[in-house]
Structures are given as C-alpha cells and as structure tokens.
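**Student:** Quick one: the structure is below, and I'll ask about it shortly.
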Protein chains: 2
Amino acid sequence: MGNSENTDKPDGGVERAATAQAQMRKGVLELCILSILLQGDAYPTEIIDKLKDTKLVVVEGTLYPLLTRLKNTGLLGYRWEESTSGPPRKYYKLTEIGEQYLKELQLSWAELVDAVNKTIEKGKNNI
Amino acid sequence: MGNSENTDKPDGGVERAATAQAQMRKGVLELCILSILLQGDAYPTEIIDKLKDTKLVVVEGTLYPLLTRLKNTGLLGYRWEESTSGPPRKYYKLTEIGEQYLKELQLSWAELVDAVNKTIEKGKNNI
DNA sequence: ATTAAGTACCTTGCAACGCATAGTACTAAA
DNA sequence: TTTAGTACTATGCGTTGCAAGGTACTTAAT
C-alpha cells in the first residue's frame with residue numbers, strides 16, 4: 001500500500017469543518033450570483049459585497065472565471081461603465097435565457113434541500 | 001481570442017440544468033453519508049440504495065473513494081461481515097469523531113441553506 | 001464441470017471547479 | 001512621482017465527482 005496518494009491525516013473532525021463548509025458551497029454559487037443579478041445589474045466587486053452580506057464569502061479568483069463561464073454560455077451579458085473613483089466597471093446583466101435557467105436552478109436547489117433534510121431527519125430518529 | 005480553453009458552448013440554459021444539479025450536490029454527499037451511518041452501520045451498496053430513496057443518485061466511483069477518505073480521516077471505521085448471497089460486505093460505522101464532525105456539518109448545512117435562501121428571496125422582491 | 005447471473009468491492013484517469021497567487025491598469029491624493 | 005484605493009484578468013494547483021473497467025465470491029442452470 002503506497003501512501004503517496006493520500007494527504008488526509010487523522011486530524012480529528014474539528015479542523016476539517018471549514019473545508020467541508022467550503023465544499024458544500026460548491027455549485028451553489030451559480031445560483032446565488034444569478035439571484036443577485038435578478039435584483040439588478042452589478043459589477044463583480046459589488047457582487048462579492050452582496051454575497052458577504054449573506055455570509056457567503058467568495059473571492060475574486062472564484063468569481064471572475066465563473067462570470068466568464070456564465071457569459072460564454074449565454075446566461076449573462078455585460079456592459080462597461082465609467083467610474084469616478086477608479087477603473088471602469090463591468091456591469092453584468094441577466095439574459096432572458098439566464099432568467100429561465102435561474103428558475104430551473106431554484107427548483108433544483110429546493111429539491112436538493114428537501115432530499116438532504118430528509119436524510120438528516122431519518123438519522124435523528126435513530127439515535 | 002483563443003478558443004482552446006473553453007468547452008462551454010452557448011447552448012441555452014435548459015441542457016445545463018442536469019449539470020448544475022450535479023454541481024450543487026457536490027460537497028453535500030459527505031453530510032448525507034454520515035447521516036445515513038448515524039441510522040446504523042451500512043455497507044456501500046446499501047448506502048447507495050438509501051441515497052436513491054431520497055432522490056440523491058450516487059455511483060460507486062464516487063462513493064468508494066469518499067468512504068476511503070472518511071475512513072483515513074478517522075471519521076469512519078469498518079468491519080467485514082459474511083453474506084449468504086455473494087461476497088462479504090464491508091460495514092462502515094461512524095466513529096465518535098465522526099459523530100462530532102457530523103454535528104458541525106449539519107450546522108454548516110443549515111447556515112448555507114439560510115444564506116442561499118436569503119439571496120434568492122431578495123431577488124424575488126425586485127422583479 | 002463449466003457457464004451464466006447476481007452481488008459486492010476496488011482502481012484508474014479525466015474534467016470541472018474553487019481558490020490562492022500574481023499581475024495589469026485606471027484614478028486621486030500626498 | 002510615489003502611494004493608496006479600486007477594479008479587472010490570468011495562471012496553476014488541489015480536491016472531488018464520475019465514467020469505465022476490473023476482480024472476486026456465491027448460487028443456479030446447462
């Protein structure tokens with residue numbers, strides 16, 4: 001048995017919690033970003049701030065590639081707008097396809113929450 | 001502009017729904033598996049079946065490495081048990097650390113659901 | 001005895017994604 | 001002209017879900 005492929009150490013569960021929370025966030029970001037853009041056009045830094053308000057911390061290295069992906073898929077458009085206090089801002093906007101897609105995402109999200117909660121509940125009955 | 005790094009095509013939102021749902025599931029599997037094991041020891045095939053009951057489809061190629069990871073981190077233990085209808089089964093069991101970790105995961109999950117739902121709700125007010 | 005079918009576990013290689021890091025560029029004040 | 005603040009972009013790494021293929025044990029049929 002080689003031990004070269006596994007960096008996991010038996011470090012107890014406590015230190016892993018932050019990592020796990022990060023993991024759980026995966027894939028939900030799309031939904032949140034599209035939801036934010038439903039409120040109105042926004043530029044990346046603004047999006048990051050709004051996510052922070054709801055305890056979802058996202059960094060630039062995550063957001064920018066994701067926005068580009070969503071744009072390339074036709075879910076988002078953008079326009080440049082001058083700023084009086086710095087470089088120009090890239091305002092992203094939901095397309096019609098994006099809005100339609102967001103509705104599907106919301107449905108998927110609701111189903112997921114339901115499925116996971118069911119699993120959790122079953123466990124709680126059998127302690 | 002090179003088009004070599006991007007496999008996304010503007011295919012509309014509809015076909016992407018399955019992919020997005022898969023993405024959203026990421027990271028939540030740990031929580032679900034540990035929750036199932038809280039109900040009692042179980043072997044992989046059994047775990048897959050139980051997940052299927054709650055609409056969370058997971059395949060072997062996903063589950064086995066994940067169980068190994070959880071075992072290596074000390075969250076799970078296992079024992080072999082004979083079967084009258086096939087090869088022996090590997091029953092996994094929550095360790096004490098695993099139970100403690102599960103509680104943290106459940107908390108993280110609840111917080112995530114809350115944060116995401118808040119974001120979604122804000123969007124719905126501004127249509 | 002050999003084959004087939006059912007059950008169960010395991011490995012390998014790929015692709016996607018989040019993120020840390022580093023870099024570029026514009027404005028304004030010191 | 002240097003410093004600070006704001007904003008967008010690119011690169012490379014590690015983790016993870018998954019498809020695909022493989023091994024092995026049991027029972028029943030040929």
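Chain labels A, B, ... are given in the sequence in which chains occur in the structure tokens; within each chain residues are numbered consecutively from 1, and ligands are likewise numbered from 1 in the order shown.
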For the contact check between chain D and chain A, emit one row per residue of chain D within 12 Å, containing the shortest atom pair and the distance in Å rounded to one decimal, counting only C-alpha atoms (C1' of nucleotides), chain then rising number order, as CSV.

**Tutor:**
residue,atom,partner,partner_atom,distance
D:DA4,C1',A:Gly86,CA,11.5
D:DG5,C1',A:Gly86,CA,7.9
D:DT6,C1',A:Gly86,CA,5.2
D:DA7,C1',A:Pro87,CA,5.7
D:DC8,C1',A:Arg89,CA,8.1
D:DT9,C1',A:Tyr64,CA,8.1
D:DA10,C1',A:Gly61,CA,9.7
D:DT11,C1',A:Gly61,CA,10.6
D:DG12,C1',A:Gly61,CA,11.8
D:DG14,C1',A:Thr7,CA,10.4
D:DT15,C1',A:Gln23,CA,9.1
D:DT16,C1',A:Gln23,CA,9.1
D:DG17,C1',A:Lys26,CA,11.7

**Student:** Near chain B, meaning an atom within 8 Å, which residues of chain C appear when counting only C-alpha atoms (C1' of nucleotides)? Write them as a short mmCIF file (atom, residue, chain, number, x, y, z; two decimals) with N, CA, C and O atoms (P, O5', C5', C4', C3', O3' and C1' of nucleotides), in the first residue's frame.

**Tutor:**
data_model
loop_
_atom_site.label_atom_id
_atom_site.label_comp_id
_atom_site.auth_asym_id
_atom_site.auth_seq_id
_atom_site.Cartn_x
_atom_site.Cartn_y
_atom_site.Cartn_z
P DG C 6 -29.39 -11.59 -13.54
"O5'" DG C 6 -29.00 -11.29 -12.03
"C5'" DG C 6 -29.36 -12.23 -11.01
"C4'" DG C 6 -28.51 -12.00 -9.78
"C3'" DG C 6 -28.34 -10.52 -9.38
"O3'" DG C 6 -28.84 -10.34 -8.06
"C1'" DG C 6 -26.27 -11.67 -9.34
P DT C 7 -28.91 -8.87 -7.44
"O5'" DT C 7 -27.60 -8.82 -6.53
"C5'" DT C 7 -27.40 -9.82 -5.54
"C4'" DT C 7 -26.01 -9.70 -4.95
"C3'" DT C 7 -25.66 -8.29 -4.45
"O3'" DT C 7 -25.37 -8.36 -3.07
"C1'" DT C 7 -23.90 -9.22 -5.74
P DA C 8 -25.35 -7.04 -2.19
"O5'" DA C 8 -23.83 -6.59 -2.27
"C5'" DA C 8 -22.84 -7.41 -1.66
"C4'" DA C 8 -21.46 -6.99 -2.11
"C3'" DA C 8 -21.15 -5.50 -2.04
"O3'" DA C 8 -20.36 -5.27 -0.87
"C1'" DA C 8 -20.18 -6.58 -3.94
P DC C 10 -13.31 -2.42 -0.64
"O5'" DC C 10 -12.59 -2.12 -2.02
"C5'" DC C 10 -11.75 -3.11 -2.61
"C4'" DC C 10 -11.18 -2.60 -3.93
"C3'" DC C 10 -10.59 -1.19 -3.88
"O3'" DC C 10 -9.19 -1.28 -4.06
"C1'" DC C 10 -11.89 -1.55 -5.85
#

**Student:** Give me every alpha helix (DSSP H) residue in chain B, going by DSSP on the backbone, as a PyMOL selection string.

**Tutor:** chain B and resi 17-25+28-38+44-53+60-72+96-125

**Student:** Would you mind writing down, as a PyMOL selection string, each residue of chain B that DSSP on the backbone assigns to strand (DSSP E or B)?

**Tutor:** chain B and resi 42+76-81+89-94

**Student:** CA of Leu37 (chain A) to CA of Ala115 (chain A): how many Å, to one decimal?

**Tutor:** 27.0 Å
